[in-house]
Structures are given as structure tokens and as C-alpha cells.
$ cat protein31.pdb   # PDB, C-alpha atoms, pLDDT in the B column
ATOM      1  CA  MET A   8       7.472   0.494 -31.758  1.00 93.00           C
ATOM      2  CA  LEU A   9       7.006  -3.279 -31.467  1.00 97.00           C
ATOM      3  CA  ASN A  10       3.764  -5.066 -30.657  1.00 97.00           C
ATOM      4  CA  VAL A  11       3.565  -8.285 -28.659  1.00 97.00           C
ATOM      5  CA  MET A  12       3.807 -10.478 -31.784  1.00 97.00           C
ATOM      6  CA  GLU A  13       7.050  -8.747 -32.810  1.00 97.00           C
ATOM      7  CA  ILE A  14       8.386  -9.099 -29.258  1.00 97.00           C
ATOM      8  CA  MET A  15       7.772 -12.865 -29.421  1.00 96.00           C
ATOM      9  CA  GLU A  16       9.854 -13.013 -32.618  1.00 94.00           C
ATOM     10  CA  ARG A  17      12.890 -11.874 -30.590  1.00 94.00           C
ATOM     11  CA  ILE A  18      12.564 -13.619 -27.230  1.00 94.00           C
ATOM     12  CA  PRO A  19      11.316 -17.127 -26.383  1.00 92.00           C
ATOM     13  CA  HIS A  20       8.929 -16.127 -23.565  1.00 94.00           C
ATOM     14  CA  ARG A  21       5.216 -16.862 -23.899  1.00 95.00           C
ATOM     15  CA  TYR A  22       2.086 -16.486 -21.783  1.00 91.00           C
ATOM     16  CA  PRO A  23       1.934 -16.582 -18.822  1.00 92.00           C
ATOM     17  CA  PHE A  24       5.597 -15.632 -18.569  1.00 95.00           C
ATOM     18  CA  LEU A  25       5.809 -12.929 -21.234  1.00 97.00           C
ATOM     19  CA  LEU A  26       6.030  -9.754 -19.137  1.00 98.00           C
ATOM     20  CA  VAL A  27       6.304  -7.090 -21.852  1.00 98.00           C
ATOM     21  CA  ASP A  28       3.218  -5.960 -23.778  1.00 98.00           C
ATOM     22  CA  LYS A  29       4.835  -3.531 -26.214  1.00 98.00           C
ATOM     23  CA  ILE A  30       8.020  -1.665 -26.993  1.00 98.00           C
ATOM     24  CA  VAL A  31       7.609   2.089 -27.381  1.00 98.00           C
ATOM     25  CA  GLU A  32      11.254   2.977 -28.011  1.00 98.00           C
ATOM     26  CA  LEU A  33      14.105   0.900 -29.413  1.00 97.00           C
ATOM     27  CA  ASP A  34      17.436   2.533 -30.267  1.00 97.00           C
ATOM     28  CA  LYS A  35      20.067   0.049 -31.493  1.00 94.00           C
ATOM     29  CA  GLU A  36      22.718   2.787 -31.814  1.00 95.00           C
ATOM     30  CA  GLU A  37      22.319   4.137 -28.287  1.00 97.00           C
ATOM     31  CA  LEU A  38      21.471   0.618 -26.981  1.00 97.00           C
ATOM     32  CA  LYS A  39      18.312   1.847 -25.233  1.00 98.00           C
ATOM     33  CA  ILE A  40      14.833   0.369 -25.038  1.00 98.00           C
ATOM     34  CA  VAL A  41      11.567   1.330 -23.357  1.00 98.00           C
ATOM     35  CA  GLY A  42       8.863  -1.275 -22.842  1.00 98.00           C
ATOM     36  CA  ILE A  43       5.398  -1.358 -21.309  1.00 98.00           C
ATOM     37  CA  LYS A  44       3.625  -3.914 -19.108  1.00 98.00           C
ATOM     38  CA  ASN A  45      -0.041  -3.359 -18.300  1.00 98.00           C
ATOM     39  CA  VAL A  46      -0.679  -5.057 -14.975  1.00 98.00           C
ATOM     40  CA  THR A  47      -4.211  -6.447 -14.602  1.00 97.00           C
ATOM     41  CA  ILE A  48      -5.979  -8.232 -11.765  1.00 96.00           C
ATOM     42  CA  ASN A  49      -6.269 -11.243 -14.133  1.00 94.00           C
ATOM     43  CA  GLU A  50      -2.541 -12.056 -13.808  1.00 95.00           C
ATOM     44  CA  ASP A  51      -2.141 -15.606 -12.444  1.00 93.00           C
ATOM     45  CA  PHE A  52       0.336 -14.574  -9.746  1.00 95.00           C
ATOM     46  CA  PHE A  53      -2.222 -12.367  -7.994  1.00 96.00           C
ATOM     47  CA  ASN A  54      -4.104 -15.510  -6.884  1.00 93.00           C
ATOM     48  CA  GLY A  55      -1.397 -16.165  -4.316  1.00 95.00           C
ATOM     49  CA  HIS A  56       0.580 -12.909  -4.037  1.00 95.00           C
ATOM     50  CA  PHE A  57      -1.175 -11.845  -1.828  1.00 93.00           C
ATOM     51  CA  PRO A  58      -4.894 -12.662  -1.443  1.00 91.00           C
ATOM     52  CA  GLY A  59      -6.716  -9.523  -0.361  1.00 94.00           C
ATOM     53  CA  HIS A  60      -3.592  -7.401  -0.940  1.00 96.00           C
ATOM     54  CA  PRO A  61      -2.417  -8.098  -4.530  1.00 97.00           C
ATOM     55  CA  ILE A  62       1.098  -6.935  -5.435  1.00 98.00           C
ATOM     56  CA  MET A  63       3.254  -8.014  -8.360  1.00 98.00           C
ATOM     57  CA  PRO A  64       6.197 -10.181  -7.280  1.00 98.00           C
ATOM     58  CA  GLY A  65       9.424  -8.184  -7.482  1.00 98.00           C
ATOM     59  CA  VAL A  66      11.256 -10.965  -9.283  1.00 97.00           C
ATOM     60  CA  LEU A  67       8.720 -10.698 -12.121  1.00 98.00           C
ATOM     61  CA  ILE A  68       9.401  -6.975 -12.439  1.00 98.00           C
ATOM     62  CA  VAL A  69      13.110  -7.793 -12.724  1.00 98.00           C
ATOM     63  CA  GLU A  70      12.274 -10.465 -15.306  1.00 97.00           C
ATOM     64  CA  GLY A  71      10.266  -7.920 -17.320  1.00 98.00           C
ATOM     65  CA  MET A  72      13.255  -5.570 -17.424  1.00 98.00           C
ATOM     66  CA  ALA A  73      15.469  -8.435 -18.575  1.00 97.00           C
ATOM     67  CA  GLN A  74      12.971  -9.386 -21.289  1.00 97.00           C
ATOM     68  CA  CYS A  75      13.133  -5.828 -22.642  1.00 98.00           C
ATOM     69  CA  LEU A  76      16.913  -6.077 -22.759  1.00 97.00           C
ATOM     70  CA  GLY A  77      16.556  -9.376 -24.618  1.00 95.00           C
ATOM     71  CA  VAL A  78      14.337  -7.680 -27.199  1.00 96.00           C
ATOM     72  CA  LEU A  79      17.001  -5.007 -27.636  1.00 96.00           C
ATOM     73  CA  VAL A  80      19.967  -7.302 -28.232  1.00 94.00           C
ATOM     74  CA  MET A  81      18.348 -10.320 -29.929  1.00 93.00           C
ATOM     75  CA  GLU A  82      17.594 -10.596 -33.632  1.00 88.00           C
ATOM     76  CA  PRO A  83      14.132 -11.589 -34.842  1.00 91.00           C
ATOM     77  CA  ASN A  84      13.715 -15.340 -35.313  1.00 89.00           C
ATOM     78  CA  GLY A  85      17.308 -15.941 -34.232  1.00 87.00           C
ATOM     79  CA  SER A  86      18.807 -19.172 -32.954  1.00 89.00           C
ATOM     80  CA  GLN A  87      20.180 -17.693 -29.733  1.00 90.00           C
ATOM     81  CA  VAL A  88      18.755 -16.875 -26.315  1.00 89.00           C
ATOM     82  CA  PRO A  89      19.981 -14.633 -23.468  1.00 91.00           C
ATOM     83  CA  TYR A  90      20.723 -16.273 -20.088  1.00 94.00           C
ATOM     84  CA  PHE A  91      21.272 -14.451 -16.783  1.00 95.00           C
ATOM     85  CA  ALA A  92      24.853 -14.454 -15.545  1.00 96.00           C
ATOM     86  CA  ALA A  93      24.313 -11.936 -12.724  1.00 97.00           C
ATOM     87  CA  ILE A  94      21.696  -9.604 -11.296  1.00 98.00           C
ATOM     88  CA  GLU A  95      23.129  -6.951  -8.995  1.00 98.00           C
ATOM     89  CA  ASN A  96      22.114  -3.906  -6.992  1.00 98.00           C
ATOM     90  CA  VAL A  97      18.415  -4.727  -7.146  1.00 98.00           C
ATOM     91  CA  LYS A  98      16.266  -2.219  -5.293  1.00 98.00           C
ATOM     92  CA  PHE A  99      12.520  -2.470  -4.763  1.00 98.00           C
ATOM     93  CA  LYS A 100      11.176   0.979  -3.929  1.00 98.00           C
ATOM     94  CA  ALA A 101       7.394   0.597  -4.172  1.00 98.00           C
ATOM     95  CA  PRO A 102       4.829  -2.134  -4.832  1.00 98.00           C
ATOM     96  CA  VAL A 103       3.190  -2.655  -8.220  1.00 98.00           C
ATOM     97  CA  ARG A 104      -0.545  -3.283  -8.056  1.00 98.00           C
ATOM     98  CA  PRO A 105      -3.328  -4.292 -10.449  1.00 98.00           C
ATOM     99  CA  GLY A 106      -4.167  -1.385 -12.750  1.00 98.00           C
ATOM    100  CA  ASP A 107      -0.602  -0.056 -12.812  1.00 98.00           C
ATOM    101  CA  GLN A 108       1.320   0.372 -16.035  1.00 98.00           C
ATOM    102  CA  ILE A 109       5.014  -0.439 -15.715  1.00 99.00           C
ATOM    103  CA  VAL A 110       7.426   1.453 -17.948  1.00 99.00           C
ATOM    104  CA  TYR A 111      10.716  -0.429 -18.294  1.00 98.00           C
ATOM    105  CA  GLU A 112      13.655   1.846 -19.228  1.00 98.00           C
ATOM    106  CA  CYS A 113      16.740  -0.182 -20.080  1.00 98.00           C
ATOM    107  CA  ASN A 114      20.257   0.696 -21.260  1.00 98.00           C
ATOM    108  CA  VAL A 115      23.081  -1.564 -22.331  1.00 98.00           C
ATOM    109  CA  ASN A 116      26.356  -0.336 -20.839  1.00 97.00           C
ATOM    110  CA  LYS A 117      28.655  -2.858 -22.477  1.00 96.00           C
ATOM    111  CA  LEU A 118      28.157  -5.323 -25.331  1.00 93.00           C
ATOM    112  CA  ARG A 119      31.120  -7.528 -26.075  1.00 93.00           C
ATOM    113  CA  ARG A 120      30.766 -10.654 -28.239  1.00 88.00           C
ATOM    114  CA  ASN A 121      28.183 -12.660 -26.314  1.00 92.00           C
ATOM    115  CA  ILE A 122      28.301 -10.783 -22.964  1.00 96.00           C
ATOM    116  CA  VAL A 123      25.866  -7.966 -22.174  1.00 96.00           C
ATOM    117  CA  LYS A 124      26.045  -5.621 -19.164  1.00 98.00           C
ATOM    118  CA  ALA A 125      23.059  -3.370 -18.608  1.00 98.00           C
ATOM    119  CA  HIS A 126      21.057  -1.279 -16.163  1.00 98.00           C
ATOM    120  CA  ALA A 127      17.291  -0.899 -16.005  1.00 98.00           C
ATOM    121  CA  VAL A 128      14.587   0.844 -14.046  1.00 98.00           C
ATOM    122  CA  ALA A 129      10.885   0.107 -13.821  1.00 98.00           C
ATOM    123  CA  LYS A 130       8.569   3.064 -13.270  1.00 99.00           C
ATOM    124  CA  VAL A 131       4.902   3.484 -12.421  1.00 98.00           C
ATOM    125  CA  ASP A 132       3.415   6.947 -12.886  1.00 98.00           C
ATOM    126  CA  GLY A 133       6.919   8.333 -13.427  1.00 98.00           C
ATOM    127  CA  LYS A 134       8.272   7.004 -10.120  1.00 98.00           C
ATOM    128  CA  VAL A 135      10.963   4.325  -9.936  1.00 98.00           C
ATOM    129  CA  VAL A 136       9.570   1.145  -8.370  1.00 98.00           C
ATOM    130  CA  THR A 137      12.489  -1.193  -9.144  1.00 98.00           C
ATOM    131  CA  GLU A 138      16.023  -0.916 -10.491  1.00 98.00           C
ATOM    132  CA  ALA A 139      18.756  -3.436 -11.212  1.00 98.00           C
ATOM    133  CA  SER A 140      22.016  -4.097 -13.040  1.00 98.00           C
ATOM    134  CA  PHE A 141      22.293  -7.164 -15.250  1.00 97.00           C
ATOM    135  CA  THR A 142      24.915  -9.327 -16.878  1.00 98.00           C
ATOM    136  CA  PHE A 143      23.782 -11.962 -19.308  1.00 95.00           C
ATOM    137  CA  THR A 144      25.277 -14.271 -21.875  1.00 95.00           C
ATOM    138  CA  ILE A 145      23.875 -14.851 -25.344  1.00 94.00           C
ATOM    139  CA  MET A 146      24.018 -18.567 -26.184  1.00 93.00           C
ATOM    140  CA  ASP A 147      22.747 -20.947 -28.839  1.00 91.00           C
ATOM    141  CA  LYS A 148      19.428 -22.611 -28.055  1.00 85.00           C
TER     142      LYS A 148
END
$ encode --input "protein31.pdb" --output "C-alpha cells"
Amino acid sequence: MLNVMEIMERIPHRYPFLLVDKIVELDKEELKIVGIKNVTINEDFFNGHFPGHPIMPGVLIVEGMAQCLGVLVMEPNGSQVPYFAAIENVKFKAPVRPGDQIVYECNVNKLRRNIVKAHAVAKVDGKVVTEASFTFTIMDK
């Protein structure tokens, strides 16, 4: 398990754009990771998305999944950073609202030199709210 301070040792994201609160499972052999995001009404994006009907922007859910994958493949205090190369087959199945807890479940399908291919789902209360396939490149900062 990794806390938010340990997450920030692996990826460059910081408030207000750090979208993973903790890692509850990290398996380097199986290339799997499970992360948590506690969604609160205090999130900046709820001011405009949407007043009177707050829902988390889907692109931020996708970003949270990608951040988990970054935690999985990046070394602590490293000199490299993951960059998106492609995001495919994104499906938004239900809205995420204040008070929800997102569980990101991510798997790397292929890791070759500096190219990573992966699939992830985001769940709330055990139900898939978002899923996507990713390709990203690991590059020097």
C-alpha cells in the first residue's frame, strides 16, 4: 500500500491535479495496481461541472486511471515521466458524484522498453463507471 506522499515520489502530479489518494494493491510481477480516489464536494472542478448537478468530468477519471498506471511503472524519484501516446475504447457508463469513492483497477498488457500498453476500469460501489485502453511512452523529463 502506498500513501499520497509515496505516490508523489513516483509521478509528477500535484494538487489540484493529483487524482489518486492511495494505492491499495501494487503487483510488479503481475503488472497490476489498484488505486483509490475519494471524491469530495470540495474538488475545484465541481464549481463549474455542473452547478446544481455536480459530476466529475470523465476526462479526469481517465487521468486518474493513467496516474495509477504511472505509479505502477515508474520508479520512485526517477528522472522519467510517462506521456500519453493513445487512449482508446473509452466508455463512460455512469456519472461520478461528490461522496463517491473511485476504485481504479489497472493492468499492463505489454511493457516493452519505453512503451506501455494497458487497460483500466474505474468502479464506484463495485460497478464500472469508466473503462479505457492506454498506450504511453516513458521519456526523460
$ closest_residue --input "protein31.pdb" --among "A:Lys44, A:Phe57, A:Arg17, A:Ile122" --to "A:Ala92" --atoms "only C-alpha atoms"
A:Ile122
$ closest_residue --input "protein31.pdb" --among "A:Arg119, A:Lys148, A:His20, A:Lys130" --to "A:Ile68" --atoms "all atoms listed in the file"
A:Lys130
$ resolve_selection --input "protein31.pdb" --expression "the PyMOL selection byres ((chain A and resi 118) around 12)" --output "ChimeraX atom specification"
/A:35-38,76,79-81,114-117,119-125,141-145
$ residues_around --input "protein31.pdb" --residues "A:Glu112" --least-positions-apart "4" --cutoff "6 Å" --atoms "only C-alpha atoms" --output "PyMOL selection string"
chain A and resi 41+127-128
$ resolve_selection --input "protein31.pdb" --expression "the PyMOL selection byres ((chain A and resi 134) around 12)" --output "list in words"
Phe99, Lys100, Ala101, Pro102, Val103, Asp107, Gln108, Ile109, Val110, Tyr111, Glu112, Val128, Ala129, Lys130, Val131, Asp132, Gly133, Val135, Val136, Thr137 and Glu138 of chain A
$ atom_distance --input "protein31.pdb" --atom1 "atom CA of A:Phe53" --atom2 "atom CA of A:Arg104"
9.2 Å
$ resolve_selection --input "protein31.pdb" --expression "the PyMOL selection byres ((chain A and resi 50) around 12)" --output "list in words"
Tyr22, Pro23, Phe24, Leu25, Leu26, Lys44, Asn45, Val46, Thr47, Ile48, Asn49, Asp51, Phe52, Phe53, Asn54, Gly55, His56, Pro61, Ile62, Met63, Pro64, Leu67, Arg104, Pro105 and Gly106 of chain A
$ closest_residue --input "protein31.pdb" --among "A:Cys113, A:Ile40, A:Met146, A:Ala139" --to "A:Gln87" --atoms "all atoms listed in the file"
A:Met146
$ closest_residue --input "protein31.pdb" --among "A:Val66, A:Ile18, A:Val88, A:Ile30" --to "A:Ile43" --atoms "only C-alpha atoms"
A:Ile30
$ atom_distance --input "protein31.pdb" --atom1 "atom CA of A:Met72" --atom2 "atom CA of A:Pro58"
25.2 Å
$ atom_distance --input "protein31.pdb" --atom1 "atom CA of A:Ala93" --atom2 "atom CA of A:Ala73"
11.2 Å
$ axis_aligned_box --input "protein31.pdb" --around "stretch 82-93 of chain A" --padding-each-side "5 Å" --output "AutoDock Vina command-line options"
--center_x 19.3 --center_y -14.9 --center_z -24.0 --size_x 21.1 --size_y 18.6 --size_z 32.6
$ closest_residue --input "protein31.pdb" --among "A:Val27, A:Met15, A:His126, A:Asn10" --to "A:Cys75" --atoms "only C-alpha atoms"
A:Val27
